[in-house]
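Asker: run.txt is the file, holding compact mmCIF, C-alpha atoms:
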# COMPACT_ATOMS: atom_id res chain seq x y z
CA MET A 1 15.40 -32.96 -10.74
CA ALA A 2 13.47 -34.56 -13.51
CA GLY A 3 10.53 -33.52 -15.66
CA PHE A 4 8.43 -30.92 -13.90
CA ASP A 5 9.87 -31.56 -10.45
CA LYS A 6 11.10 -28.15 -9.25
CA VAL A 7 12.32 -29.15 -5.81
CA VAL A 8 15.91 -28.32 -4.94
CA GLY A 9 17.82 -29.78 -2.02
CA CYS A 10 19.30 -26.76 -0.29
CA TYR A 11 19.25 -22.96 -0.17
CA GLU A 12 22.64 -22.74 -1.94
CA GLU A 13 21.14 -24.57 -4.89
CA ALA A 14 17.96 -22.44 -4.69
CA MET A 15 19.87 -19.20 -5.24
CA ALA A 16 22.73 -20.52 -7.39
CA GLY A 17 23.61 -18.14 -10.22
CA LEU A 18 22.81 -14.93 -8.35
CA GLU A 19 25.61 -12.47 -9.09
CA ASP A 20 26.69 -8.94 -8.25
CA GLY A 21 24.62 -6.23 -9.92
CA MET A 22 21.55 -8.38 -10.57
CA THR A 23 17.91 -7.36 -10.07
CA VAL A 24 15.89 -9.37 -7.57
CA ILE A 25 12.10 -9.06 -7.27
CA ALA A 26 10.85 -10.04 -3.83
CA GLY A 27 7.32 -10.80 -2.65
CA GLY A 28 6.00 -9.64 0.72
CA PHE A 29 4.23 -6.71 2.36
CA GLY A 30 6.01 -5.39 5.43
CA LEU A 31 7.23 -8.58 7.08
CA CYS A 32 4.17 -10.55 5.95
CA GLY A 33 4.79 -13.22 3.34
CA ILE A 34 8.46 -12.44 2.84
CA PRO A 35 10.87 -15.13 1.58
CA GLU A 36 12.92 -14.84 4.74
CA ASN A 37 15.22 -17.82 4.16
CA LEU A 38 15.97 -16.88 0.56
CA ILE A 39 16.86 -13.38 1.76
CA ALA A 40 19.15 -14.92 4.39
CA GLN A 41 20.79 -16.98 1.64
CA ILE A 42 21.45 -13.81 -0.39
CA LYS A 43 23.15 -12.40 2.69
CA ARG A 44 25.33 -15.50 3.02
CA MET A 45 26.32 -15.29 -0.66
CA ARG A 46 27.65 -11.77 -0.07
CA VAL A 47 26.60 -10.63 -3.56
CA ARG A 48 26.63 -6.85 -3.91
CA ASP A 49 25.22 -3.95 -5.95
CA LEU A 50 21.80 -5.56 -6.05
CA THR A 51 18.67 -3.82 -7.27
CA ILE A 52 15.82 -5.06 -5.11
CA VAL A 53 12.22 -4.62 -6.21
CA SER A 54 9.96 -5.02 -3.20
CA ASN A 55 7.12 -3.04 -1.64
CA ASN A 56 9.21 -2.49 1.51
CA CYS A 57 12.74 -3.13 2.74
CA GLY A 58 12.09 -5.10 5.91
CA ILE A 59 13.22 -3.77 9.28
CA ASP A 60 16.59 -3.54 11.01
CA GLY A 61 17.77 -7.11 11.55
CA PHE A 62 14.98 -8.91 9.69
CA GLY A 63 13.76 -9.42 6.14
CA LEU A 64 15.42 -7.38 3.39
CA GLY A 65 16.82 -5.13 6.14
CA ILE A 66 19.59 -7.68 6.74
CA LEU A 67 20.96 -7.07 3.23
CA LEU A 68 21.67 -3.48 4.23
CA GLU A 69 24.05 -4.62 6.99
CA ASP A 70 26.82 -5.44 4.52
CA LYS A 71 25.67 -2.83 1.99
CA GLN A 72 24.56 -5.44 -0.54
CA ILE A 73 21.73 -3.30 -1.94
CA ARG A 74 22.56 -0.50 -4.36
CA LYS A 75 19.01 0.39 -5.31
CA MET A 76 15.52 -0.24 -3.93
CA ILE A 77 12.36 0.06 -6.01
CA SER A 78 9.58 0.31 -3.42
CA SER A 79 6.41 2.13 -2.44
CA TYR A 80 7.22 2.61 1.24
CA VAL A 81 10.55 2.36 3.02
CA GLY A 82 12.13 3.78 6.10
CA GLU A 83 10.94 1.37 8.78
CA ASN A 84 14.65 0.81 9.41
CA ALA A 85 17.30 3.19 10.72
CA LEU A 86 20.02 1.61 8.58
CA PHE A 87 18.04 2.30 5.41
CA GLU A 88 17.73 5.97 6.35
CA LYS A 89 21.45 6.22 7.13
CA GLN A 90 22.58 4.65 3.85
CA LEU A 91 20.11 6.76 1.88
CA LEU A 92 21.30 10.00 3.47
CA GLU A 93 24.94 9.03 2.94
CA GLY A 94 24.30 8.33 -0.72
CA GLU A 95 25.22 4.64 -0.51
CA LEU A 96 21.71 3.57 -1.41
CA GLU A 97 19.38 4.75 -4.13
CA VAL A 98 15.63 4.50 -3.86
CA GLU A 99 13.05 4.72 -6.62
CA LEU A 100 9.71 5.32 -4.95
CA THR A 101 6.85 3.84 -6.93
CA PRO A 102 3.13 3.93 -6.11
CA GLN A 103 2.06 0.61 -4.67
CA GLY A 104 -0.49 -0.21 -7.35
CA THR A 105 1.93 0.82 -10.08
CA LEU A 106 4.59 -1.40 -8.51
CA ALA A 107 2.24 -4.40 -8.48
CA GLU A 108 1.23 -3.69 -12.08
CA LYS A 109 4.88 -3.27 -13.18
CA MET A 110 5.58 -6.78 -11.89
CA ARG A 111 2.37 -8.23 -13.33
CA ALA A 112 2.96 -6.61 -16.73
CA GLY A 113 6.62 -7.65 -16.69
CA GLY A 114 5.67 -11.25 -16.12
CA ALA A 115 2.95 -11.07 -18.77
CA GLY A 116 5.24 -9.71 -21.49
CA ILE A 117 3.69 -6.24 -21.51
CA PRO A 118 6.58 -3.75 -21.66
CA ALA A 119 4.70 -0.67 -20.42
CA PHE A 120 1.25 0.61 -19.53
CA TYR A 121 -0.57 3.91 -19.01
CA THR A 122 -2.02 4.84 -15.64
CA ALA A 123 -3.60 7.94 -14.10
CA THR A 124 -1.77 7.16 -10.86
CA GLY A 125 0.97 9.70 -10.23
CA TYR A 126 -0.01 12.19 -12.93
CA GLY A 127 0.88 15.71 -11.76
CA THR A 128 3.19 14.39 -9.03
CA PRO A 129 6.99 14.15 -8.77
CA ILE A 130 6.94 10.54 -9.99
CA ALA A 131 5.57 11.66 -13.36
CA GLU A 132 8.69 13.68 -14.14
CA GLY A 133 10.25 12.63 -17.44
CA LYS A 134 7.45 10.19 -18.24
CA GLU A 135 5.33 10.30 -21.39
CA VAL A 136 1.82 11.69 -20.85
CA ARG A 137 -1.13 10.73 -22.99
CA GLU A 138 -4.80 11.51 -22.67
CA PHE A 139 -7.42 8.76 -22.66
CA ASN A 140 -11.13 9.50 -22.12
CA GLY A 141 -10.27 13.12 -21.41
CA ARG A 142 -7.88 12.29 -18.62
CA PRO A 143 -4.06 12.46 -18.62
CA HIS A 144 -2.16 9.24 -17.95
CA ILE A 145 1.55 8.52 -17.57
CA LEU A 146 3.49 5.73 -19.23
CA GLU A 147 5.06 3.31 -16.76
CA GLN A 148 7.52 0.61 -17.80
CA SER A 149 7.15 -2.89 -16.50
CA ILE A 150 9.80 -4.73 -14.47
CA ARG A 151 11.49 -8.08 -14.85
CA GLY A 152 14.10 -9.49 -12.53
CA ASP A 153 17.10 -11.75 -12.96
CA PHE A 154 15.66 -13.54 -9.96
CA ALA A 155 12.28 -13.49 -8.25
CA ILE A 156 12.07 -14.72 -4.67
CA VAL A 157 8.68 -15.78 -3.41
CA LYS A 158 7.14 -17.09 -0.18
CA GLY A 159 4.24 -19.52 -0.53
CA TRP A 160 2.29 -21.61 1.93
CA LYS A 161 2.01 -24.93 0.12
CA ALA A 162 3.24 -26.12 -3.23
CA ASP A 163 3.30 -29.40 -5.05
CA ARG A 164 6.58 -30.66 -6.50
CA TYR A 165 5.63 -29.19 -9.89
CA GLY A 166 5.70 -25.70 -8.39
CA ASN A 167 1.96 -25.03 -8.20
CA VAL A 168 1.75 -22.62 -5.26
CA VAL A 169 -0.95 -21.64 -2.78
CA TYR A 170 -0.50 -18.61 -0.52
CA ARG A 171 -1.93 -18.24 2.95
CA HIS A 172 -4.14 -15.26 3.91
CA THR A 173 -2.63 -11.83 3.31
CA ALA A 174 0.83 -13.38 2.96
CA GLN A 175 -0.19 -13.53 -0.71
CA ASN A 176 0.27 -9.78 -1.43
CA PHE A 177 3.01 -9.20 -4.05
CA ASN A 178 4.10 -12.85 -4.23
CA PRO A 179 1.98 -13.98 -7.22
CA MET A 180 3.21 -11.08 -9.40
CA ALA A 181 6.81 -11.49 -8.28
CA ALA A 182 6.59 -15.17 -9.22
CA THR A 183 5.79 -14.32 -12.84
CA ALA A 184 8.49 -11.69 -13.27
CA GLY A 185 11.77 -13.50 -12.60
CA LYS A 186 14.04 -15.00 -15.25
CA ILE A 187 14.64 -17.48 -12.47
CA THR A 188 11.79 -17.72 -9.98
CA VAL A 189 12.58 -19.33 -6.65
CA VAL A 190 9.73 -20.21 -4.30
CA GLU A 191 10.07 -21.26 -0.67
CA VAL A 192 7.08 -22.80 1.08
CA GLU A 193 6.07 -24.24 4.42
CA GLU A 194 5.04 -27.57 2.94
CA ILE A 195 5.71 -29.44 -0.29
CA VAL A 196 3.13 -32.03 -1.35
CA GLU A 197 2.87 -34.46 -4.24
CA PRO A 198 1.27 -33.41 -7.56
CA GLY A 199 -2.48 -34.02 -7.36
CA GLU A 200 -2.76 -33.20 -3.68
CA LEU A 201 -3.63 -29.54 -4.28
CA ASP A 202 -7.00 -28.65 -5.82
CA PRO A 203 -6.20 -27.36 -9.34
CA THR A 204 -8.95 -24.73 -9.05
CA GLN A 205 -7.32 -23.24 -5.95
CA ILE A 206 -3.80 -22.73 -7.31
CA HIS A 207 -2.63 -19.10 -7.05
CA THR A 208 0.65 -19.48 -8.97
CA PRO A 209 0.74 -22.18 -11.66
CA GLY A 210 3.98 -24.15 -11.76
CA ILE A 211 4.94 -22.85 -15.21
CA TYR A 212 6.25 -19.70 -13.53
CA VAL A 213 8.37 -21.55 -10.98
CA ASP A 214 11.93 -22.71 -11.60
CA ARG A 215 13.07 -23.83 -8.16
CA LEU A 216 11.14 -24.85 -5.07
CA ILE A 217 12.33 -25.44 -1.53
CA GLN A 218 10.69 -26.18 1.80
CA GLY A 219 11.80 -24.02 4.73
CA SER A 220 10.89 -23.13 8.27
CA PHE A 221 9.81 -19.59 9.00
CA GLU A 222 9.99 -17.21 11.92
CA LYS A 223 7.14 -15.02 10.55
CA ARG A 224 7.92 -12.00 12.67
CA ILE A 225 4.99 -9.65 13.32
CA GLU A 226 5.60 -5.95 12.70
CA GLN A 227 2.54 -4.46 14.48
CA ARG A 228 1.08 -6.85 17.00
CA THR A 229 -2.44 -5.51 17.57
CA ILE A 230 -4.75 -7.49 19.84
CA ARG A 231 -8.27 -7.03 21.20
CA SER A 232 -9.31 -8.47 24.54
CA ALA A 233 -11.44 -11.57 24.13
CA MET B 1 -14.76 23.92 19.50
CA ALA B 2 -12.69 22.15 16.90
CA LEU B 3 -13.79 18.58 16.25
CA SER B 4 -12.06 15.80 18.15
CA ARG B 5 -10.59 12.84 16.27
CA GLU B 6 -13.67 10.83 17.22
CA GLN B 7 -16.05 13.54 16.00
CA ILE B 8 -14.22 13.71 12.67
CA ALA B 9 -14.65 9.95 12.35
CA LYS B 10 -18.34 10.23 13.31
CA ARG B 11 -18.96 12.94 10.72
CA VAL B 12 -17.27 10.90 7.98
CA ALA B 13 -19.35 7.88 8.99
CA ARG B 14 -22.51 9.83 8.04
CA GLU B 15 -21.33 9.64 4.43
CA LEU B 16 -21.39 5.83 4.49
CA LYS B 17 -24.14 4.00 2.66
CA ASP B 18 -25.41 0.47 3.02
CA GLY B 19 -23.41 -1.87 0.78
CA TYR B 20 -20.41 0.43 0.42
CA TYR B 21 -16.91 -0.94 -0.14
CA VAL B 22 -14.63 1.47 1.73
CA ASN B 23 -10.88 2.01 1.98
CA LEU B 24 -9.79 3.77 5.17
CA GLY B 25 -6.34 5.31 5.41
CA ILE B 26 -4.06 5.16 8.42
CA GLY B 27 -4.81 7.43 11.41
CA ILE B 28 -8.15 9.19 11.90
CA PRO B 29 -9.75 7.50 8.83
CA THR B 30 -9.28 4.12 10.55
CA LEU B 31 -11.55 5.32 13.39
CA VAL B 32 -14.48 5.64 10.96
CA ALA B 33 -14.92 1.87 11.24
CA ASN B 34 -16.05 2.39 14.85
CA TYR B 35 -19.03 4.53 13.82
CA VAL B 36 -20.75 2.56 11.06
CA PRO B 37 -24.46 3.30 11.64
CA GLU B 38 -26.60 0.59 13.18
CA GLY B 39 -28.17 -1.76 10.63
CA MET B 40 -25.81 -0.72 7.83
CA GLU B 41 -23.38 -3.09 6.16
CA VAL B 42 -20.04 -1.72 5.00
CA MET B 43 -17.06 -3.77 3.83
CA LEU B 44 -13.55 -2.50 4.48
CA GLN B 45 -10.87 -2.87 1.82
CA SER B 46 -7.23 -3.00 2.83
CA GLU B 47 -4.86 -2.46 -0.08
CA ASN B 48 -2.45 -5.24 0.85
CA GLY B 49 -5.13 -7.58 -0.49
CA LEU B 50 -8.13 -7.91 1.80
CA LEU B 51 -11.83 -7.13 1.44
CA GLY B 52 -13.97 -7.65 4.51
CA MET B 53 -11.49 -6.69 7.19
CA GLY B 54 -12.55 -7.46 10.75
CA PRO B 55 -11.35 -6.24 14.15
CA PHE B 56 -7.96 -6.92 15.72
CA PRO B 57 -7.55 -10.60 16.67
CA THR B 58 -7.74 -12.01 20.16
CA GLU B 59 -4.55 -13.56 21.53
CA GLU B 60 -5.79 -16.95 20.26
CA GLU B 61 -6.68 -15.65 16.78
CA LEU B 62 -3.35 -13.83 16.27
CA ASP B 63 -1.82 -14.82 12.91
CA ALA B 64 1.32 -13.38 11.32
CA ASP B 65 -0.15 -14.07 7.86
CA MET B 66 -3.20 -11.90 8.53
CA ILE B 67 -2.44 -8.17 8.45
CA ASN B 68 -3.87 -4.92 7.09
CA ALA B 69 -2.15 -2.21 5.05
CA GLY B 70 -0.96 -0.59 8.28
CA LYS B 71 0.85 -3.90 8.97
CA GLN B 72 -1.37 -4.46 12.01
CA THR B 73 -2.64 -7.93 12.75
CA VAL B 74 -6.36 -8.15 11.90
CA THR B 75 -9.12 -10.70 11.28
CA THR B 76 -11.60 -11.31 8.46
CA LEU B 77 -15.38 -11.09 8.67
CA PRO B 78 -17.73 -13.67 7.12
CA GLY B 79 -17.88 -12.96 3.39
CA ALA B 80 -14.32 -11.64 3.22
CA SER B 81 -11.98 -12.30 0.34
CA ILE B 82 -8.19 -12.23 0.09
CA PHE B 83 -6.22 -11.59 -3.08
CA SER B 84 -2.97 -10.33 -4.55
CA SER B 85 -1.71 -6.73 -4.58
CA ALA B 86 -2.39 -6.50 -8.34
CA GLU B 87 -6.01 -7.58 -7.81
CA SER B 88 -6.31 -5.17 -4.89
CA PHE B 89 -5.15 -2.22 -6.97
CA ALA B 90 -7.30 -3.30 -9.90
CA MET B 91 -10.24 -2.69 -7.54
CA ILE B 92 -8.83 0.67 -6.51
CA ARG B 93 -7.63 1.90 -9.89
CA GLY B 94 -10.66 0.50 -11.67
CA GLY B 95 -12.94 2.69 -9.55
CA HIS B 96 -14.68 -0.20 -7.78
CA VAL B 97 -14.19 1.14 -4.25
CA ASP B 98 -17.18 3.30 -3.25
CA LEU B 99 -15.47 5.55 -0.73
CA THR B 100 -11.88 6.34 0.16
CA VAL B 101 -10.98 8.28 3.31
CA LEU B 102 -7.45 9.52 3.79
CA GLY B 103 -5.40 12.24 5.47
CA ALA B 104 -3.39 15.05 3.86
CA PHE B 105 -0.90 17.84 4.56
CA GLU B 106 -2.52 20.25 2.09
CA VAL B 107 -5.39 20.46 -0.40
CA ASP B 108 -6.17 23.25 -2.83
CA VAL B 109 -9.08 24.73 -4.78
CA GLN B 110 -8.15 22.69 -7.87
CA GLY B 111 -8.70 19.46 -5.94
CA ASN B 112 -4.98 18.79 -5.70
CA ILE B 113 -3.74 16.88 -2.67
CA ALA B 114 -0.30 16.72 -1.04
CA SER B 115 0.05 14.00 1.57
CA TRP B 116 3.32 12.12 1.22
CA MET B 117 6.41 14.28 0.95
CA ILE B 118 7.86 17.25 2.79
CA PRO B 119 11.05 18.39 1.04
CA GLY B 120 14.02 18.38 3.40
CA LYS B 121 12.48 15.67 5.56
CA LEU B 122 13.06 11.97 5.01
CA VAL B 123 10.62 10.66 2.44
CA LYS B 124 9.31 7.23 3.32
CA GLY B 125 7.11 6.80 0.29
CA MET B 126 3.59 7.17 -1.01
CA GLY B 127 2.48 3.58 -0.41
CA GLY B 128 -0.91 3.20 -2.07
CA ALA B 129 -2.02 6.83 -1.67
CA MET B 130 -1.37 7.90 -5.28
CA ASP B 131 -3.35 4.94 -6.59
CA LEU B 132 -6.20 5.60 -4.17
CA VAL B 133 -6.61 9.28 -5.02
CA ALA B 134 -6.27 8.67 -8.77
CA GLY B 135 -8.61 5.69 -8.80
CA ALA B 136 -11.48 6.70 -6.53
CA ASP B 137 -14.37 8.97 -7.51
CA ASN B 138 -15.57 9.47 -3.97
CA ILE B 139 -12.79 10.62 -1.66
CA ILE B 140 -13.02 12.35 1.71
CA VAL B 141 -9.86 14.01 2.97
CA THR B 142 -9.63 14.40 6.73
CA MET B 143 -7.12 16.89 8.09
CA THR B 144 -6.62 19.78 10.48
CA HIS B 145 -7.71 23.08 8.97
CA ALA B 146 -4.50 24.90 9.89
CA SER B 147 -1.07 24.04 11.24
CA LYS B 148 -0.14 24.55 14.90
CA ASN B 149 1.21 27.97 13.88
CA GLY B 150 -2.17 28.86 12.39
CA GLU B 151 -1.10 28.49 8.76
CA SER B 152 -3.91 27.33 6.52
CA LYS B 153 -3.70 23.91 4.90
CA LEU B 154 -6.57 24.74 2.52
CA LEU B 155 -4.75 26.63 -0.17
CA GLU B 156 -5.12 28.36 -3.52
CA GLN B 157 -2.31 26.08 -4.71
CA CYS B 158 -0.54 23.26 -2.85
CA THR B 159 3.05 24.12 -1.94
CA LEU B 160 4.19 20.55 -1.28
CA PRO B 161 4.76 17.88 -3.96
CA LEU B 162 1.41 16.40 -4.97
CA THR B 163 -0.04 12.97 -4.33
CA GLY B 164 -2.66 13.53 -7.00
CA ALA B 165 -3.94 16.31 -9.27
CA GLY B 166 -7.55 17.42 -9.46
CA CYS B 167 -8.99 14.46 -7.60
CA ILE B 168 -10.38 15.83 -4.33
CA LYS B 169 -13.94 17.10 -3.96
CA LYS B 170 -14.70 16.69 -0.23
CA VAL B 171 -12.66 17.85 2.76
CA LEU B 172 -13.46 17.46 6.44
CA THR B 173 -11.26 19.46 8.77
CA ASP B 174 -11.47 19.90 12.52
CA LEU B 175 -13.38 23.14 11.80
CA ALA B 176 -15.56 22.51 8.77
CA TRP B 177 -17.01 20.32 6.05
CA LEU B 178 -16.13 21.76 2.66
CA GLU B 179 -16.65 20.73 -0.93
CA ILE B 180 -14.54 21.84 -3.86
CA GLU B 181 -16.57 23.31 -6.72
CA ASP B 182 -15.53 25.63 -9.58
CA SER B 183 -12.03 26.26 -8.18
CA ALA B 184 -13.20 27.20 -4.70
CA PHE B 185 -13.87 25.64 -1.33
CA VAL B 186 -17.57 25.82 -0.53
CA LEU B 187 -18.30 25.92 3.18
CA LYS B 188 -21.05 23.38 3.80
CA GLU B 189 -21.01 22.84 7.58
CA ARG B 190 -19.08 24.17 10.53
CA ALA B 191 -17.96 22.44 13.71
CA PRO B 192 -20.11 23.14 16.79
CA GLY B 193 -19.23 26.55 18.21
CA VAL B 194 -16.83 27.44 15.39
CA SER B 195 -17.66 30.74 13.72
CA VAL B 196 -17.73 31.35 9.98
CA GLU B 197 -15.23 34.16 10.65
CA GLU B 198 -12.70 31.73 12.12
CA ILE B 199 -13.04 29.42 9.13
CA VAL B 200 -12.68 32.35 6.71
CA ALA B 201 -9.57 33.51 8.57
CA LYS B 202 -7.99 30.05 8.43
CA THR B 203 -8.78 29.28 4.78
CA ALA B 204 -6.13 30.60 2.39
CA GLY B 205 -7.72 29.29 -0.81
CA ARG B 206 -10.81 30.92 -2.34
CA LEU B 207 -13.78 30.21 -0.08
CA VAL B 208 -17.45 30.49 -0.91
CA VAL B 209 -19.63 31.05 2.15
CA PRO B 210 -23.36 30.46 1.64
CA ASP B 211 -25.86 32.62 3.54
CA HIS B 212 -26.57 29.84 5.96
CA VAL B 213 -23.85 27.46 7.17
CA PRO B 214 -25.35 24.80 9.42
CA GLU B 215 -23.56 23.70 12.56
CA MET B 216 -22.72 20.00 12.88
CA THR B 217 -24.47 18.20 15.71
CA PHE B 218 -23.20 15.12 17.53
What is this structure when it is put down as structure tokens?
Answerer:
Amino acid sequence: MAGFDKVVGCYEEAMAGLEDGMTVIAGGFGLCGIPENLIAQIKRMRVRDLTIVSNNCGIDGFGLGILLEDKQIRKMISSYVGENALFEKQLLEGELEVELTPQGTLAEKMRAGGAGIPAFYTATGYGTPIAEGKEVREFNGRPHILEQSIRGDFAIVKGWKADRYGNVVYRHTAQNFNPMAATAGKITVVEVEEIVEPGELDPTQIHTPGIYVDRLIQGSFEKRIEQRTIRSA
Amino acid sequence: MALSREQIAKRVARELKDGYYVNLGIGIPTLVANYVPEGMEVMLQSENGLLGMGPFPTEEELDADMINAGKQTVTTLPGASIFSSAESFAMIRGGHVDLTVLGAFEVDVQGNIASWMIPGKLVKGMGGAMDLVAGADNIIVTMTHASKNGESKLLEQCTLPLTGAGCIKKVLTDLAWLEIEDSAFVLKERAPGVSVEEIVAKTAGRLVVPDHVPEMTF
């Protein structure tokens, strides 16, 4: 690696430095736009006691769900979980902790974390169980709760294309949480379907500027579909 | 007769206006998209980051990178846009979505809504529901009026943990269209063949019944 070239040679190098007890922020919504090979690498590394910040926790046997198999996750910070039986089992047996967070608040926690904003007020969740213990303040006659932002030791991100400098473009709704996750990691690792040379991507169309990206790798993706809904032609 | 799922969707669709940006929740609210009045343009927002959602894809159009908030594969319509989750919730929390339709377990006369958590049962999460109810001005809750055991879901005070406080003004059940005003449900319309007496009997929260309650027609 030299200069702004973020490309690493292998998945071991991409996730080097990940240790037990770290916090990992992951992009993706359901199984759409998840960094599936980086997740598989975390499984191979056998690191434990991870806090994972991700909207969902994959399904049994795919996505973040595979990290449950060897009980590598201690805590999930998510808006919606429970698509997987293993998650439910570990939660009920007390082996796994979950901090449910409204989806918009979760996105904003990542965005604010990456932008150096330590906390923000929101009306979302006021009067609900998630407001318990949180500071309340009125703005414009309406109560809001104080939510703290999130940063991760690592952020793992799935893009579509990137140039070697780490400028990333996402494809369709595989964008979801990925751009916020990318800003919020001390070390941000992006895997993409195609790496091109600097200058090949239109600068006006970049979703994640390379300044946020530390390591970049090209992978091949299964892209499993969670709910295959079809209309007849 | 209580309204069918399709009739509930049809009744909600009458609240649509030309040029509305609309977020439809999972379940019955999704069906509203089938009853957009002729000649009216409505754009559907899906909170995973899509505005201008189209129908399910054909086999040829199927794309793993193109889903809605229910994780179903979908398509885009001409004029659609795709963006991040933060952008999506900026639209929702910033009050830019014209109408939100979602389901609930309970609502009460203070406009509180409970829709995500039943203590003792596994809690899967609130997804985007707390953001949607806190961010939208115009919300329609669709639900059954009473449980299978006949217990009212329109209450003086919600018994389940809330999704949002004081944010609901319009409720469509299988029996009636109601609006919440001055700490009471006001009965605005009743389902065809459903008596005011039945609605009164199945509404636990304070209910205001005007002299004339029109019957919905389909």
Asker: Residues of chain B within 9 Å of chain A, using only C-alpha atoms, as a VMD selection string?
Answerer: chain B and resid 47 to 50 55 to 74 82 to 90 92 to 93 112 122 to 135 161 to 166
Asker: What is the distance, in Å and to one decimal place, between atom CA of Val192 of chain A and atom CA of Gln72 of chain A?
Answerer: 24.7 Å
Asker: Just give me the gap between atom CA of Leu86 of chain A and atom CA of Leu102 of chain B in Å, one decimal is fine.
Answerer: 29.0 Å
Asker: Rounded to one decimal place, report the atom CA of Arg74 of chain A-atom CA of Gly94 of chain A distance in Å.
Answerer: 9.7 Å
Asker: Give the answer as one residue: which of A:Leu96, A:Met76, A:Val168, A:Ala119 has the shortest atom-to-atom distance to Leu146 of chain A, using all atoms listed in the file?
Answerer: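 Result for the nearest residue to Leu146 of chain A: A:Ala119.
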Asker: Please determine, counting all atoms listed in the file, which residue among B:Ser81, B:Thr217, B:Ser46, B:Thr173 has the shortest atom-to-atom distance to Glu106 of chain B.
Answerer: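 Looking at the shortest contact to Glu106 of chain B, the residue is B:Thr173.
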Asker: Excluding Gly25 of chain B and residues on its chain fewer than 3 positions from it, collect all residues at most 8 Å away from it, counting only C-alpha atoms, and give them as a PyMOL selection string.
Answerer: chain B and resi 28-30+100-103
Asker: From the list A:Val196, A:Ile117, A:Met22, A:Ile59, which residue is nearest Gly152 of chain A when using all atoms listed in the file?
Answerer: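 Looking only at the distances to Gly152 of chain A, the closest residue turns out to be A:Met22.
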Asker: As a PyMOL selection string, please: the residues near Arg44 of chain A (cut-off 10 Å, only C-alpha atoms, same-chain neighbours under 5 positions excluded).
Answerer: chain A and resi 12+38-39+67
